[in-house]
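Let me begin by presenting the structure, written as structure tokens, before commenting on it.
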Amino acid sequence: MSPQHSRTGAIAEDALLTQAALWHERMQAPGPAPSPSLQAAFAAWHDASPLHAQAYARVGAAQTQAALLAEENPLLALRQQTLARTMLVRPAARRRQAMMVAGALALVGTPLAAYSIHAWRASHAEAPTIESFHTDVGQQADVTLPDGSLVTLDTNSRLEVRFASGERSMRLEGQGWFRIKPSATPWRIAVAGQDFTAAQGSFDLRGDPGQLRAYAASGTLNISDDGTQATLAPGRLLTQRGSDRVVRDLPDPSALTSWREGMLQFQNLSLGEAVSEFNRYRRQPIRLTDPRAGALRISGAFRTGDSTRFLDALSSGFPVRVRDDGHEGVTVTAR
């Protein structure tokens, strides 16, 4: 076999192991069981080739070995999943991945294109470790924090993490789903000019220009505001636009959290707001050129990366005209 073919085979094998490790990460993540759609996507990938099943089994075995190593030496603060992945790659690649291992995986049935995993390395220094993560338009990323907490970033979002003895803080721009592991030292999360603290639980946080949204799925979010303290209890949603703040119960959060499954759910939403949501996942935005069209109400579920079906639904079911001007993009006007 030629050196070129050998290198190509090695790259392909490493890419497959990276895919398997990413699938293992999502299927074995702490918290609620994987959703039916995620389980179906995993089954489709796993059963597509015997090589996929073999790679997934190797990742599981390496993860078990990594867990044993972590128990023997508490200074090994690398996440088990990332350590497992570095154990599987060749020595040269392992050196390159000592600080961070990242991979991209196009999940079957979802349009979110990138998933990345970061490894943290323990340090005796007192100075805080500062790391930044970001997603591009149409991407989603899973980040595991040094204490094992997890954050899923939505499209076009950024997360800065500071971690040290006695200090745990994050700053979010965009949207994230936080799964905080129980700890005596709470995480402080800053988003859209508002500070939250959480010692445990699952939360959806989103900051847009002039707007803030926070939902507590489990656990409580403590809110610091001009010297006063408030608490967002499980099942409660906080929305804020400018200085106007509303807190209410949210019995069914599916429309709020469906983005994690690559879906947008609209419940009697104005067309203007629906288009704005779709534009978060598009590099070329849909343009509403008529306020009458923007005032229409829409309900339904659509995939974040399939705006074509959304536009087809508008053309067939609403009194609007949809026109694709090529370089100018898509415009929607009232009939």
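To be explicit about the labels: the chains of the structure tokens are called A, B, and onward in the order shown, and within each one the residues are counted from 1, while ligands get numbers from 1 in the order they are shown.
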- Picked from segment 114-302 of chain A by DSSP as alpha helix (DSSP H), as a PyMOL selection string: chain A and resi 254-257+271-279+291-294
- Message: List as a PyMOL selection string the protein and nucleic acid residues near segment 256-260 of chain A, meaning an atom at most 10 Å away when only C-alpha atoms are counted, but skip any in the same chain fewer than 3 places from it.
- Response: chain A and resi 35+110+112+140+152-155+175-177+203-204+213+215+217+237+250+252-253+263-266+301+303-304
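One distance worth recording is that between atom CA of Asp290 of chain A and atom CA of Ser270 of chain A, which is 13.1 Å.
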- Task: Have a look at A:Met170, A:Asp195, A:Gly207, A:Val247 and name the one nearest to Asp226 of chain A; count only C-alpha atoms.
- Result: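 The shortest atom-to-atom distance to Asp226 of chain A comes from A:Asp195.
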Neighbouring residues of Val161 of chain A were defined as those with any atom within 12 Å, considering only C-alpha atoms; residues of the same chain fewer than 6 positions away were excluded. Please report them as a PDB file with C-alpha atoms, in the first residue's frame.
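Wrote it out as selection21.pdb, contents follow:
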ATOM      1  CA  HIS A 118     -13.706  20.608  24.347  1.00  0.00           C
ATOM      2  CA  TRP A 120     -10.107  20.939  29.852  1.00  0.00           C
ATOM      3  CA  PRO A 128      -8.697  31.293  36.218  1.00  0.00           C
ATOM      4  CA  THR A 129      -8.901  29.253  33.044  1.00  0.00           C
ATOM      5  CA  ILE A 130     -10.704  31.280  30.385  1.00  0.00           C
ATOM      6  CA  GLU A 131     -12.098  29.582  27.283  1.00  0.00           C
ATOM      7  CA  SER A 132     -14.406  30.801  24.503  1.00  0.00           C
ATOM      8  CA  PHE A 133     -16.698  28.770  22.262  1.00  0.00           C
ATOM      9  CA  HIS A 134     -18.884  29.892  19.370  1.00  0.00           C
ATOM     10  CA  VAL A 143     -19.610  22.099  25.434  1.00  0.00           C
ATOM     11  CA  THR A 144     -18.677  20.143  28.552  1.00  0.00           C
ATOM     12  CA  LEU A 145     -17.480  22.336  31.413  1.00  0.00           C
ATOM     13  CA  PRO A 146     -14.670  21.397  33.824  1.00  0.00           C
ATOM     14  CA  ASP A 147     -17.109  20.196  36.502  1.00  0.00           C
ATOM     15  CA  SER A 149     -21.866  20.457  33.455  1.00  0.00           C
ATOM     16  CA  LEU A 150     -23.053  20.698  29.841  1.00  0.00           C
ATOM     17  CA  VAL A 151     -24.038  23.606  27.595  1.00  0.00           C
ATOM     18  CA  GLU A 167     -14.946  31.043  40.689  1.00  0.00           C
ATOM     19  CA  ARG A 168     -17.299  29.681  38.040  1.00  0.00           C
ATOM     20  CA  SER A 169     -18.751  32.129  35.567  1.00  0.00           C
ATOM     21  CA  MET A 170     -20.041  32.227  32.001  1.00  0.00           C
ATOM     22  CA  ARG A 171     -21.074  34.955  29.600  1.00  0.00           C
ATOM     23  CA  LEU A 172     -23.555  34.026  26.856  1.00  0.00           C
ATOM     24  CA  GLU A 173     -24.345  35.801  23.611  1.00  0.00           C
ATOM     25  CA  TRP A 187     -22.227  29.040  38.314  1.00  0.00           C
ATOM     26  CA  ARG A 188     -22.781  32.706  37.537  1.00  0.00           C
ATOM     27  CA  ILE A 189     -24.230  33.228  34.058  1.00  0.00           C
ATOM     28  CA  ALA A 190     -24.384  36.671  32.430  1.00  0.00           C
TER      29      ALA A 190
END
- Pairwise distance, atom CA of Lys181 of chain A with atom CA of Ser224 of chain A, equals 20.8 Å
- Item | Selection: 10 Å around Thr220 of chain A, only C-alpha atoms, excl. self and same-chain fewer than 2 positions, as a PyMOL selection string | chain A and resi 196-203+215-218+222-223+231-236
Using only C-alpha atoms, please write the residues we just selected to a file, as a CSV table (one decimal), in the first residue's frame.
chain,number,residue,atom,x,y,z
A,196,PHE,CA,-28.1,34.6,37.0
A,197,THR,CA,-26.7,32.1,39.4
A,198,ALA,CA,-27.4,28.4,39.5
A,199,ALA,CA,-26.2,25.6,41.7
A,200,GLN,CA,-27.9,22.8,39.7
A,201,GLY,CA,-30.7,22.3,37.2
A,202,SER,CA,-31.5,22.7,33.5
A,203,PHE,CA,-32.2,26.1,31.9
A,215,TYR,CA,-36.7,29.3,31.3
A,216,ALA,CA,-36.1,27.1,34.3
A,217,ALA,CA,-36.8,23.4,33.4
A,218,SER,CA,-35.5,22.1,36.7
A,222,ASN,CA,-31.3,33.2,41.1
A,223,ILE,CA,-31.5,36.7,39.6
A,231,THR,CA,-35.8,33.4,42.0
A,232,LEU,CA,-37.0,31.8,38.8
A,233,ALA,CA,-38.6,28.6,39.9
A,234,PRO,CA,-38.9,25.4,37.8
A,235,GLY,CA,-41.5,25.7,35.1
A,236,ARG,CA,-41.4,29.5,35.0
- Distance in Å - atom CA of Gln28 of chain A versus atom CA of Arg158 of chain A: 24.6 Å
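Residue nearest Ser276 of chain A, chosen from A:Ser307, A:Ser254, A:Gln54, A:Gln240 and counting only C-alpha atoms: A:Ser307.
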